[in-house]
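As provided, coords.txt (compact mmCIF, C-alpha atoms and all ligand atoms) reads as follows.
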# COMPACT_ATOMS: atom_id res chain seq x y z
CA MET A 799 22.42 -6.68 -5.63
CA GLN A 800 19.80 -6.66 -8.39
CA ARG A 801 18.32 -3.16 -8.75
CA LYS A 802 14.57 -3.14 -9.22
CA THR A 803 13.08 -1.03 -12.01
CA ILE A 804 10.13 1.14 -11.06
CA ARG A 805 7.98 1.56 -14.17
CA ILE A 806 6.69 5.12 -14.44
CA GLY A 807 3.80 6.61 -16.38
CA ILE A 808 3.42 10.35 -16.94
CA ILE A 809 0.02 12.00 -17.30
CA GLY A 810 0.29 15.53 -18.67
CA LEU A 811 3.19 15.85 -21.12
CA GLY A 812 3.62 19.64 -20.94
CA LEU A 813 6.26 21.77 -19.23
CA MET A 814 6.61 19.59 -16.13
CA GLY A 815 6.02 16.23 -17.83
CA ARG A 816 9.14 16.77 -19.92
CA GLU A 817 11.17 17.92 -16.92
CA PHE A 818 10.22 14.71 -15.13
CA ALA A 819 10.98 12.48 -18.13
CA SER A 820 14.36 14.13 -18.67
CA ALA A 821 15.28 13.73 -14.99
CA ILE A 822 14.57 10.00 -14.89
CA SER A 823 16.31 9.39 -18.22
CA ARG A 824 19.67 10.35 -16.67
CA TRP A 825 19.45 8.33 -13.47
CA CYS A 826 23.09 7.30 -13.94
CA HIS A 827 23.81 10.85 -12.73
CA LEU A 828 23.00 9.72 -9.19
CA LEU A 829 25.47 7.66 -7.17
CA ASP A 830 22.69 5.55 -5.74
CA ASN A 831 22.39 1.78 -5.61
CA GLY A 832 18.63 1.77 -5.06
CA ASP A 833 15.75 1.16 -7.42
CA LYS A 834 15.74 2.88 -10.81
CA PRO A 835 12.81 4.59 -12.55
CA ALA A 836 12.07 3.88 -16.21
CA LEU A 837 9.47 5.62 -18.35
CA THR A 838 7.06 3.00 -19.75
CA GLY A 839 3.88 5.00 -20.36
CA ILE A 840 2.70 8.45 -21.42
CA CYS A 841 -0.70 10.10 -21.58
CA ASP A 842 -1.82 13.46 -22.92
CA LYS A 843 -5.01 14.36 -24.72
CA ASN A 844 -2.92 16.52 -27.05
CA LYS A 845 -1.22 13.95 -29.30
CA GLU A 846 1.24 16.54 -30.65
CA SER A 847 2.95 16.45 -27.27
CA TRP A 848 3.74 12.74 -27.64
CA GLN A 849 6.45 13.04 -30.31
CA TRP A 850 9.29 14.34 -28.10
CA TYR A 851 8.71 11.37 -25.78
CA ILE A 852 8.52 8.87 -28.66
CA ASP A 853 11.78 10.26 -30.08
CA ASN A 854 13.63 10.05 -26.76
CA PHE A 855 12.18 7.07 -24.88
CA PRO A 856 12.41 3.77 -26.80
CA GLY A 857 11.13 1.88 -23.73
CA LEU A 858 7.59 3.25 -23.97
CA ILE A 859 5.02 0.47 -23.80
CA ILE A 860 1.85 2.51 -23.65
CA LYS A 861 0.94 5.82 -25.30
CA THR A 862 -2.60 7.04 -24.85
CA ASP A 863 -4.88 10.08 -24.71
CA ASP A 864 -7.06 8.39 -22.06
CA TYR A 865 -5.53 8.43 -18.57
CA LYS A 866 -7.73 5.49 -17.51
CA MET A 867 -5.88 3.27 -20.01
CA LEU A 868 -2.57 4.29 -18.44
CA ILE A 869 -3.61 3.75 -14.82
CA GLU A 870 -5.10 0.34 -15.59
CA SER A 871 -1.95 -0.80 -17.41
CA ASP A 872 0.13 -3.66 -15.90
CA ALA A 873 3.23 -1.94 -17.30
CA ILE A 874 3.03 0.91 -14.75
CA ASP A 875 3.98 0.97 -11.03
CA ALA A 876 3.89 4.70 -10.32
CA ILE A 877 2.61 7.87 -11.92
CA TYR A 878 3.78 11.46 -12.16
CA CYS A 879 0.68 13.55 -12.85
CA ALA A 880 1.14 17.13 -14.12
CA VAL A 881 -2.20 18.32 -15.45
CA PRO A 882 -4.21 21.55 -14.98
CA HIS A 883 -5.61 22.05 -11.47
CA ASN A 884 -9.27 21.40 -12.36
CA LEU A 885 -8.29 17.80 -13.20
CA HIS A 886 -6.30 17.00 -10.04
CA GLU A 887 -9.22 15.71 -7.96
CA GLN A 888 -10.59 13.16 -10.45
CA PHE A 889 -7.22 12.06 -11.83
CA TYR A 890 -5.46 11.67 -8.46
CA ILE A 891 -8.42 9.78 -6.95
CA ASP A 892 -8.57 7.39 -9.92
CA ILE A 893 -4.78 6.86 -9.89
CA ILE A 894 -4.78 5.98 -6.17
CA LYS A 895 -7.83 3.70 -6.50
CA ALA A 896 -6.02 1.92 -9.36
CA LYS A 897 -3.23 1.23 -6.80
CA LYS A 898 -0.56 3.18 -8.63
CA HIS A 899 1.86 5.18 -6.49
CA LEU A 900 1.55 8.89 -7.20
CA LEU A 901 3.79 11.92 -7.32
CA GLY A 902 1.17 14.59 -8.00
CA GLU A 903 1.64 18.23 -8.76
CA LYS A 904 0.56 21.09 -6.54
CA PRO A 905 -1.78 22.52 -5.45
CA PHE A 906 -3.06 18.93 -5.08
CA GLY A 907 -6.70 19.76 -5.84
CA ILE A 908 -8.13 22.97 -7.24
CA ASP A 909 -9.61 23.92 -3.85
CA LYS A 910 -10.01 22.71 -0.25
CA LYS A 911 -12.96 20.41 -1.03
CA ALA A 912 -11.08 18.72 -3.89
CA ASN A 913 -8.03 18.30 -1.63
CA GLU A 914 -10.17 16.76 1.13
CA ASN A 915 -11.67 14.28 -1.34
CA ILE A 916 -8.18 13.25 -2.52
CA LEU A 917 -6.97 12.82 1.07
CA LYS A 918 -10.01 10.66 1.91
CA VAL A 919 -9.06 8.21 -0.85
CA ILE A 920 -5.41 8.24 0.28
CA LYS A 921 -6.55 7.18 3.80
CA GLU A 922 -8.57 4.32 2.28
CA ASN A 923 -5.50 3.11 0.34
CA PRO A 924 -2.61 3.15 2.84
CA ASP A 925 -0.52 0.78 0.67
CA VAL A 926 -0.20 3.43 -2.05
CA VAL A 927 2.61 6.00 -1.68
CA VAL A 928 1.34 9.50 -2.48
CA ARG A 929 3.45 12.66 -2.42
CA CYS A 930 3.28 16.17 -3.83
CA SER A 931 5.97 17.74 -5.98
CA SER A 932 8.19 20.54 -4.56
CA GLU A 933 11.79 20.66 -5.72
CA PHE A 934 13.40 23.88 -4.47
CA PRO A 935 14.37 22.65 -0.97
CA TYR A 936 16.65 20.10 -2.68
CA PHE A 937 19.17 22.80 -3.65
CA PRO A 938 22.24 21.85 -1.57
CA ALA A 939 22.49 25.32 0.00
CA CYS A 940 18.85 25.01 1.10
CA GLN A 941 19.55 21.53 2.47
CA GLN A 942 22.30 23.19 4.52
CA LEU A 943 19.76 25.73 5.80
CA ILE A 944 17.38 22.89 6.76
CA LYS A 945 20.19 21.19 8.77
CA TRP A 946 20.84 24.55 10.46
CA LEU A 947 17.11 24.81 11.31
CA HIS A 948 17.00 21.29 12.76
CA ALA A 949 19.98 22.17 14.93
CA GLY A 950 17.85 25.04 16.36
CA LYS A 951 20.60 27.59 15.70
CA TYR A 952 18.07 30.43 15.51
CA GLY A 953 17.27 30.40 19.26
CA ARG A 954 13.81 31.94 19.45
CA LEU A 955 12.17 32.74 16.10
CA ILE A 956 11.38 36.40 15.39
CA GLU A 957 10.22 36.15 11.79
CA VAL A 958 10.21 33.76 8.83
CA ARG A 959 9.83 35.16 5.31
CA THR A 960 9.17 32.65 2.57
CA GLY A 961 8.21 33.39 -0.99
CA PHE A 962 8.21 32.80 -4.71
CA HIS A 963 8.54 35.75 -7.10
CA HIS A 964 8.04 35.72 -10.86
CA SER A 965 8.14 38.53 -13.37
CA SER A 966 7.02 36.81 -16.59
CA ASP A 967 3.52 38.28 -16.19
CA MET A 968 4.97 41.82 -16.16
CA ASP A 969 4.71 41.51 -19.94
CA LEU A 970 1.09 42.62 -20.38
CA SER A 971 1.15 41.47 -24.01
CA LYS A 972 1.68 37.84 -22.87
CA PRO A 973 -1.39 35.87 -24.02
CA ILE A 974 -3.60 34.32 -21.39
CA ASN A 975 -3.20 30.63 -20.55
CA TRP A 976 -5.03 28.23 -18.20
CA LYS A 977 -2.95 29.36 -15.20
CA ARG A 978 -4.73 32.75 -15.39
CA MET A 979 -8.30 31.33 -15.58
CA VAL A 980 -10.22 30.71 -12.35
CA GLY A 981 -12.17 27.74 -13.75
CA ILE A 982 -8.95 25.81 -14.55
CA ASN A 983 -6.32 27.22 -12.19
CA GLY A 984 -8.65 27.84 -9.25
CA GLU A 985 -9.74 30.77 -7.08
CA TYR A 986 -6.39 30.71 -5.23
CA GLY A 987 -4.61 32.14 -8.32
CA CYS A 988 -0.92 32.74 -7.60
CA MET A 989 -1.23 31.06 -4.17
CA GLY A 990 -2.33 27.75 -5.72
CA ASP A 991 0.39 28.01 -8.34
CA LEU A 992 3.33 29.01 -6.17
CA GLY A 993 2.24 28.59 -2.54
CA MET A 994 3.02 24.94 -1.82
CA HIS A 995 6.61 25.55 -2.89
CA THR A 996 7.01 28.29 -0.28
CA LEU A 997 5.48 26.20 2.52
CA HIS A 998 7.38 22.91 2.16
CA VAL A 999 10.24 23.86 4.49
CA PRO A 1000 8.15 25.80 7.08
CA PHE A 1001 5.56 23.01 7.29
CA ARG A 1002 8.29 20.37 7.67
CA MET A 1003 9.55 22.37 10.66
CA GLY A 1004 6.00 22.17 12.09
CA TRP A 1005 5.39 25.90 11.53
CA LYS A 1006 1.68 25.69 10.79
CA PRO A 1007 0.03 29.14 10.64
CA SER A 1008 -2.44 29.82 13.45
CA SER A 1009 -3.80 32.99 11.81
CA VAL A 1010 -3.55 34.85 8.50
CA PHE A 1011 -4.15 38.34 7.19
CA ALA A 1012 -4.08 38.41 3.39
CA ASP A 1013 -3.42 41.15 0.88
CA LEU A 1014 -4.28 39.91 -2.62
CA GLN A 1015 -3.82 41.87 -5.84
CA LYS A 1016 -5.14 41.55 -9.38
CA VAL A 1017 -2.72 43.71 -11.34
CA ALA A 1018 -3.43 42.62 -14.94
CA LYS A 1019 -7.19 42.93 -15.46
CA THR A 1020 -7.15 41.71 -19.09
CA ARG A 1021 -4.80 39.79 -21.37
CA PRO A 1022 -4.67 39.04 -25.10
CA ASP A 1023 -6.44 35.79 -26.00
CA GLY A 1024 -3.84 35.04 -28.69
CA LYS A 1025 -6.46 35.54 -31.45
CA GLY A 1026 -6.55 39.34 -31.53
CA ALA A 1027 -9.03 40.03 -28.70
CA MET A 1028 -8.58 40.96 -25.03
CA VAL A 1029 -10.16 38.74 -22.37
CA PRO A 1030 -10.52 39.08 -18.58
CA CYS A 1031 -7.53 37.86 -16.55
CA GLU A 1032 -9.33 36.58 -13.48
CA THR A 1033 -6.75 35.17 -11.10
CA TRP A 1034 -4.86 36.82 -8.24
CA ASP A 1035 -1.43 37.95 -9.48
CA ASN A 1036 0.19 38.69 -6.13
CA ALA A 1037 -0.47 37.59 -2.55
CA VAL A 1038 1.16 38.63 0.71
CA LEU A 1039 0.02 36.53 3.68
CA THR A 1040 1.00 37.76 7.13
CA CYS A 1041 0.66 34.84 9.50
CA LYS A 1042 1.29 33.95 13.12
CA SER A 1043 2.73 30.53 13.87
CA ILE A 1044 4.14 28.67 16.86
CA ASP A 1045 7.54 27.01 16.84
CA PRO A 1046 6.88 23.55 18.33
CA LYS A 1047 10.54 23.37 19.45
CA ILE A 1048 9.99 25.99 22.16
CA GLY A 1049 6.26 26.76 22.03
CA GLN A 1050 6.82 30.46 21.15
CA GLU A 1051 4.80 32.50 18.66
CA PHE A 1052 6.48 34.22 15.71
CA SER A 1053 5.54 36.05 12.49
CA MET A 1054 5.58 34.33 9.13
CA VAL A 1055 5.18 36.21 5.85
CA VAL A 1056 4.34 34.14 2.77
CA GLU A 1057 4.65 35.92 -0.57
CA THR A 1058 3.55 34.48 -3.90
CA LYS A 1059 3.90 36.93 -6.77
CA ARG A 1060 3.57 36.56 -10.51
CA MET A 1061 4.22 40.26 -10.98
CA ALA A 1062 7.48 40.95 -9.14
CA PRO A 1063 9.65 43.23 -11.29
CA GLY A 1064 13.06 41.73 -11.99
CA ALA A 1065 12.45 38.31 -10.47
CA THR A 1066 12.80 35.15 -12.56
CA ASN A 1067 11.58 32.12 -10.64
CA ASN A 1068 13.01 33.46 -7.41
CA TRP A 1069 12.19 31.07 -4.55
CA PHE A 1070 13.46 32.08 -1.13
CA ILE A 1071 13.32 31.46 2.59
CA GLU A 1072 14.68 33.75 5.30
CA VAL A 1073 14.67 32.82 8.98
CA TYR A 1074 15.38 35.43 11.65
CA GLY A 1075 15.96 34.42 15.26
CA THR A 1076 17.37 35.77 18.52
CA GLU A 1077 20.54 33.66 18.35
CA GLY A 1078 20.97 33.27 14.62
CA SER A 1079 19.48 33.99 11.20
CA ALA A 1080 19.85 32.26 7.84
CA LYS A 1081 18.64 32.64 4.27
CA PHE A 1082 18.57 30.94 0.90
CA SER A 1083 17.35 32.17 -2.47
CA THR A 1084 17.48 30.59 -5.93
CA HIS A 1085 18.73 34.02 -7.06
CA ASN A 1086 22.09 33.04 -5.54
CA PRO A 1087 21.67 29.27 -5.72
CA LYS A 1088 25.07 28.36 -4.25
CA ALA A 1089 24.88 30.67 -1.28
CA PHE A 1090 23.99 29.68 2.26
CA ASP A 1091 23.95 32.89 4.31
CA PHE A 1092 23.84 32.93 8.08
CA ILE A 1093 24.53 35.06 11.14
CA THR A 1094 25.38 33.89 14.63
CA THR A 1095 24.13 36.68 16.87
CA SER A 1096 26.59 37.61 19.61
CA GLY A 1097 27.20 41.09 20.91
CA LYS A 1098 26.40 44.27 19.01
CA GLN A 1099 28.12 43.66 15.69
CA GLN A 1100 26.47 41.24 13.35
CA GLY A 1101 27.73 40.31 9.93
CA TRP A 1102 26.36 37.80 7.47
CA THR A 1103 28.62 34.89 6.61
CA ARG A 1104 28.21 33.37 3.15
CA ILE A 1105 29.28 29.84 2.34
CA ASP A 1106 29.25 28.75 -1.30
CA ILE A 1107 27.83 25.25 -1.33
CA GLY A 1108 28.67 23.26 -4.46
CA SER A 1109 26.66 20.37 -5.83
CA GLN A 1110 26.79 18.36 -2.60
CA SER A 1111 23.24 17.08 -2.86
CA ALA A 1112 21.26 14.80 -0.52
CA ILE A 1113 21.66 11.90 -2.96
CA PRO A 1114 25.31 12.07 -4.11
CA THR A 1115 25.97 12.49 -7.83
CA ILE A 1116 28.81 12.07 -10.29
CA THR A 1117 29.21 15.87 -10.42
CA GLY A 1118 32.26 17.24 -8.61
CA GLY A 1119 31.39 18.80 -5.28
CA ILE A 1120 32.65 22.25 -6.34
CA PHE A 1121 30.44 22.49 -9.45
CA GLU A 1122 27.11 24.30 -9.77
CA PHE A 1123 23.68 22.86 -9.12
CA GLY A 1124 20.46 23.93 -10.93
CA PHE A 1125 16.68 23.56 -11.26
CA SER A 1126 16.87 20.27 -13.21
CA ASP A 1127 19.19 18.83 -10.55
CA ALA A 1128 16.76 19.85 -7.79
CA PHE A 1129 13.91 18.24 -9.71
CA GLN A 1130 15.90 15.01 -10.07
CA GLN A 1131 16.79 15.03 -6.36
CA MET A 1132 13.09 15.44 -5.53
CA ILE A 1133 12.24 12.39 -7.65
CA GLY A 1134 15.12 10.56 -5.94
CA ALA A 1135 13.47 11.18 -2.56
CA PHE A 1136 10.21 9.78 -3.99
CA ILE A 1137 11.94 6.66 -5.36
CA HIS A 1138 13.62 6.13 -1.96
CA GLU A 1139 10.19 6.17 -0.30
CA LEU A 1140 8.70 3.81 -2.88
CA SER A 1141 11.54 1.38 -2.23
CA GLY A 1142 11.05 1.54 1.53
CA ASN A 1143 14.35 3.46 1.95
CA GLY A 1144 12.72 6.76 2.88
CA SER A 1145 14.44 6.82 6.27
CA ASN A 1146 17.82 7.03 4.45
CA HIS A 1147 16.82 10.35 2.91
CA PRO A 1148 17.18 13.58 4.91
CA PHE A 1149 14.24 15.44 3.35
CA LYS A 1150 11.05 13.81 2.12
CA ASN A 1151 8.65 15.13 -0.50
CA VAL A 1152 5.57 17.11 0.54
CA THR A 1153 3.07 14.80 2.24
CA PRO A 1154 -0.70 14.85 1.57
CA GLU A 1155 -1.24 16.24 5.11
CA GLU A 1156 1.06 19.16 4.28
CA THR A 1157 -0.99 19.89 1.13
CA ALA A 1158 -4.10 19.97 3.39
CA TRP A 1159 -2.40 22.59 5.61
CA SER A 1160 -1.71 24.68 2.50
CA HIS A 1161 -5.37 24.49 1.43
CA GLU A 1162 -6.48 25.57 4.91
CA LEU A 1163 -4.16 28.56 4.65
CA PHE A 1164 -5.15 29.62 1.11
CA THR A 1165 -8.88 29.24 1.83
CA ALA A 1166 -8.49 31.38 4.96
CA ALA A 1167 -6.46 33.89 2.93
CA LEU A 1168 -9.32 34.29 0.43
CA GLU A 1169 -11.70 34.85 3.36
CA SER A 1170 -9.32 37.34 4.97
CA HIS A 1171 -9.01 39.37 1.78
CA LYS A 1172 -12.78 39.35 1.24
CA THR A 1173 -13.63 40.47 4.76
CA GLY A 1174 -10.55 42.61 5.45
CA ARG A 1175 -10.09 40.63 8.69
CA LYS A 1176 -7.43 38.42 10.23
CA ILE A 1177 -8.65 34.79 10.12
CA VAL A 1178 -7.82 32.35 12.88
CA LEU A 1179 -7.07 28.86 11.55
N1 LIG A 1201 6.92 21.72 -9.67
C1 LIG A 1201 6.99 22.84 -10.39
O1 LIG A 1201 7.97 23.57 -10.30
C2 LIG A 1201 5.88 23.21 -11.31
C3 LIG A 1201 6.09 24.19 -12.30
C4 LIG A 1201 5.02 24.47 -13.18
C5 LIG A 1201 3.82 23.82 -13.04
N2 LIG A 1201 3.65 22.89 -12.05
C6 LIG A 1201 2.36 22.17 -11.88
O2 LIG A 1201 2.35 21.09 -12.82
C7 LIG A 1201 1.02 20.89 -13.30
C8 LIG A 1201 1.02 21.04 -14.82
O3 LIG A 1201 1.59 22.28 -15.16
P1 LIG A 1201 2.42 22.47 -16.52
O4 LIG A 1201 3.11 23.78 -16.37
O5 LIG A 1201 3.21 21.26 -16.84
O6 LIG A 1201 1.21 22.64 -17.53
P2 LIG A 1201 1.18 22.44 -19.11
O7 LIG A 1201 -0.02 23.20 -19.59
O8 LIG A 1201 2.52 22.74 -19.71
O9 LIG A 1201 0.92 20.88 -19.27
C9 LIG A 1201 -0.28 20.29 -18.90
C10 LIG A 1201 -0.54 19.13 -19.85
O10 LIG A 1201 -1.74 18.45 -19.44
C11 LIG A 1201 -2.38 18.03 -20.61
N3 LIG A 1201 -3.78 17.71 -20.37
C12 LIG A 1201 -4.82 18.56 -20.22
N4 LIG A 1201 -5.98 17.87 -20.08
C13 LIG A 1201 -5.64 16.56 -20.12
C14 LIG A 1201 -6.40 15.36 -20.03
N5 LIG A 1201 -7.74 15.37 -19.87
N6 LIG A 1201 -5.74 14.17 -20.12
C15 LIG A 1201 -4.40 14.16 -20.30
N7 LIG A 1201 -3.64 15.27 -20.40
C16 LIG A 1201 -4.24 16.45 -20.30
C17 LIG A 1201 -2.22 19.22 -21.57
O11 LIG A 1201 -2.47 18.84 -22.92
C18 LIG A 1201 -0.78 19.61 -21.30
O12 LIG A 1201 0.14 18.96 -22.16
C19 LIG A 1201 0.13 21.90 -12.57
O13 LIG A 1201 -0.42 21.29 -11.44
C20 LIG A 1201 1.10 22.99 -12.17
O14 LIG A 1201 0.71 23.72 -11.02
C21 LIG A 1201 4.66 22.56 -11.21
When written as structure tokens, how does the structure in this file appear?
Ligand SMILES: NC(=O)c1ccc[n+]([C@@H]2O[C@H](COP(=O)([O-])OP(=O)(O)OC[C@H]3O[C@@H](n4cnc5c(N)ncnc54)[C@H](O)[C@@H]3O)[C@@H](O)[C@H]2O)c1
Amino acid sequence: MQRKTIRIGIIGLGLMGREFASAISRWCHLLDNGDKPALTGICDKNKESWQWYIDNFPGLIIKTDDYKMLIESDAIDAIYCAVPHNLHEQFYIDIIKAKKHLLGEKPFGIDKKANENILKVIKENPDVVVRCSSEFPYFPACQQLIKWLHAGKYGRLIEVRTGFHHSSDMDLSKPINWKRMVGINGEYGCMGDLGMHTLHVPFRMGWKPSSVFADLQKVAKTRPDGKGAMVPCETWDNAVLTCKSIDPKIGQEFSMVVETKRMAPGATNNWFIEVYGTEGSAKFSTHNPKAFDFITTSGKQQGWTRIDIGSQSAIPTITGGIFEFGFSDAFQQMIGAFIHELSGNGSNHPFKNVTPEETAWSHELFTAALESHKTGRKIVL
């Protein structure tokens, strides 16, 4: 069968733009007979960022510093957009109106209003596939946890803890960047940056928070500006959201704690989910990326069982099943799920990308969290 090529353009050629380009350049890694992505266009207003792409992608047809040129190009079918949060609303809306499929980055709009405006345009263009990036659930051990959740092995939920911990900001001499500025990153701070990642699995299980009490912290008040002066560091560094949610499987309420921290001593990109139930509990953390830990609760004694899961990913790969899996593999698997949906094969994939509706749930939660912190009250969603 002839495999179709899906021509991709990237807007925003920074940290994540490169990760995306690298992932699609080694599509042969996947044992998949479906459509193949190929990078045909790049856009960044900073032309210095173009060179790495020019050196590594001979198939580029369009290179531009004006995203409108890219989205109007006939050489592009779909776009990965990884730009600062203040640009999400305008860029995503224009991409969708130009009828290009979109894998957009979180938080999918700098605030709730921006997110609502994006979702309005998505509704008006139902023929365009739009998803939000979130790669961590594609670790095979987390996929195992998701299967365990679907099988309802937890019984009745007691508590779900989900979080993302970083420690890079513990270095107070680290110069400020746009992710620490409210005007560009948004009022949500660490929640906008890290929150959607933590909510992908809970939301997919239908665990929408019904209330939230938020504890937000600004630890670093100032940061170097990189030119010798100190400037205000405005965004929230750490957030702990204590939520109530209802498990639609059995209609019972449970507690959900969502932690997003940029200042978590010792943690390097540590994404985790822990699920505690009356009949069983399970956990996954990128700190031990191979490990799927679970307990089946019976009698008094309870001991965790750990299974080392190799690289047995949702889309099979050439890598031997016993070998290790990493961030770049998860990112490639996430794009694989997107390509499956674009090709109309989404039902063949066990775990779809974050949907626009799920991003709206996250905005509801973060907006309520800001209100909760301001008023010191629990907010009902
Ligand atoms: N999925 C993940 O794990 C993950 C990790 C980090 C960041 N992100 C998200 O990805 C997005 C980008 O983050 P990043 O870390 O790649 O940032 P970055 O600063 O490394 O890259 C952003 C790029 O956008 C470019 N840009 C800015 N204004 C532009 C314009 N008007 N037109 C074209 N290009 C423009 C910048 O020049 C820069 O190259 C954000 O939404 C962020 O939250 C996702």
What is the atom O3 of ligand LIG 1201 (chain A) to atom CA of A:Ser871 distance in Å? 23.5 Å
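Taking atom CA of A:Phe1121 and atom CA of A:Thr1103 as the two end points, the separation is 20.4 Å.
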Give the residues close to ligand LIG 1201 (chain A), within 9 Å, counting all atoms listed in the file; write them as a PyMOL selection string. chain A and resi 809-817+841-847+862-865+879-886+889+902-908+930-934+975-977+983+990-992+995+1125+1129
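Closest approach to A:Gln888 from the set A:Ile1177, A:Leu828, A:Ala873, A:Ile916 is made by A:Ile916, with distances taken over all atoms listed in the file.
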Give me the residues near A:Leu1163 as an NGL selection string, where near means some atom within 10 Å (using only C-alpha atoms) and where sequence neighbours in that chain fewer than 6 positions away do not count. :A and (910 or 989 or 993 or 1006-1010 or 1012 or 1039 or 1041 or 1157 or 1169 or 1177-1179)
Would you compute, for all listed atoms of stretch 1105-1116 of chain A, the axis-aligned bounding box grown by 3 Å on each side, and then report its centre and edge lengths in Å rounded to one decimal, as lines of an AutoDock Vina configuration file?
center_x = 25.3
center_y = 20.9
center_z = -4.0
size_x = 14.0
size_y = 23.9
size_z = 18.6
Is it possible to get the residues within 12 Å of (17.6, 24.7, 11.9) (coordinates as in the file, counting only C-alpha atoms) written as a PyMOL selection string? chain A and resi 940-955+999-1000+1002-1004+1045+1047+1072-1075+1077-1081+1092
Once you have the residues from the selection above, write them out as a PDB file, in the coordinates of the input, restricted to C-alpha atoms.
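Listing of out-v2.pdb after writing:
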ATOM      1  CA  CYS A 940      18.850  25.010   1.100  1.00  0.00           C
ATOM      2  CA  GLN A 941      19.550  21.530   2.470  1.00  0.00           C
ATOM      3  CA  GLN A 942      22.300  23.190   4.520  1.00  0.00           C
ATOM      4  CA  LEU A 943      19.760  25.730   5.800  1.00  0.00           C
ATOM      5  CA  ILE A 944      17.380  22.890   6.760  1.00  0.00           C
ATOM      6  CA  LYS A 945      20.190  21.190   8.770  1.00  0.00           C
ATOM      7  CA  TRP A 946      20.840  24.550  10.460  1.00  0.00           C
ATOM      8  CA  LEU A 947      17.110  24.810  11.310  1.00  0.00           C
ATOM      9  CA  HIS A 948      17.000  21.290  12.760  1.00  0.00           C
ATOM     10  CA  ALA A 949      19.980  22.170  14.930  1.00  0.00           C
ATOM     11  CA  GLY A 950      17.850  25.040  16.360  1.00  0.00           C
ATOM     12  CA  LYS A 951      20.600  27.590  15.700  1.00  0.00           C
ATOM     13  CA  TYR A 952      18.070  30.430  15.510  1.00  0.00           C
ATOM     14  CA  GLY A 953      17.270  30.400  19.260  1.00  0.00           C
ATOM     15  CA  ARG A 954      13.810  31.940  19.450  1.00  0.00           C
ATOM     16  CA  LEU A 955      12.170  32.740  16.100  1.00  0.00           C
ATOM     17  CA  VAL A 999      10.240  23.860   4.490  1.00  0.00           C
ATOM     18  CA  PRO A1000       8.150  25.800   7.080  1.00  0.00           C
ATOM     19  CA  ARG A1002       8.290  20.370   7.670  1.00  0.00           C
ATOM     20  CA  MET A1003       9.550  22.370  10.660  1.00  0.00           C
ATOM     21  CA  GLY A1004       6.000  22.170  12.090  1.00  0.00           C
ATOM     22  CA  ASP A1045       7.540  27.010  16.840  1.00  0.00           C
ATOM     23  CA  LYS A1047      10.540  23.370  19.450  1.00  0.00           C
ATOM     24  CA  GLU A1072      14.680  33.750   5.300  1.00  0.00           C
ATOM     25  CA  VAL A1073      14.670  32.820   8.980  1.00  0.00           C
ATOM     26  CA  TYR A1074      15.380  35.430  11.650  1.00  0.00           C
ATOM     27  CA  GLY A1075      15.960  34.420  15.260  1.00  0.00           C
ATOM     28  CA  GLU A1077      20.540  33.660  18.350  1.00  0.00           C
ATOM     29  CA  GLY A1078      20.970  33.270  14.620  1.00  0.00           C
ATOM     30  CA  SER A1079      19.480  33.990  11.200  1.00  0.00           C
ATOM     31  CA  ALA A1080      19.850  32.260   7.840  1.00  0.00           C
ATOM     32  CA  LYS A1081      18.640  32.640   4.270  1.00  0.00           C
ATOM     33  CA  PHE A1092      23.840  32.930   8.080  1.00  0.00           C
TER      34      PHE A1092
END
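For the pair atom CA of A:Cys988 and atom CA of A:Pro1154, the separation is 20.1 Å.
Each of A:Asn923, A:Ser1083, A:Thr1153, A:Ser1126 was compared to A:Glu1139 using only C-alpha atoms, and A:Thr1153 turns out to be the nearest.
Comparing the minimum interatomic distances between A:Asn1086 and each of A:His1147, A:Leu970, A:Pro938, A:Gln1015, counting all atoms listed in the file, we find that A:Pro938 sits nearest.
Omitting A:Asn1146 and its sequence neighbours fewer than 5 positions away, and counting only C-alpha atoms, the residues within 12 Å are Asp830, Gly832, Ala1112, Ile1113, Gly1134, Ala1135, Phe1136, Ile1137, His1138, Glu1139 and Ser1141 of chain A.
Compared by their closest atoms to A:Ile1105, and using only C-alpha atoms, the residues A:Ser1170, A:Pro1087, A:His827, A:Asn1036 rank with A:Pro1087 nearest.
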When you look at A:Ala896 with a cut-off of 9 Å (counting all atoms listed in the file), what residues show up, excluding the ones that are within fewer than 5 positions of it in the same chain? I need them as a PDB file with C-alpha atoms, in the coordinates of the input.
ATOM      1  CA  ILE A 869      -3.610   3.750 -14.820  1.00  0.00           C
ATOM      2  CA  GLU A 870      -5.100   0.340 -15.590  1.00  0.00           C
ATOM      3  CA  ILE A 891      -8.420   9.780  -6.950  1.00  0.00           C
TER       4      ILE A 891
END
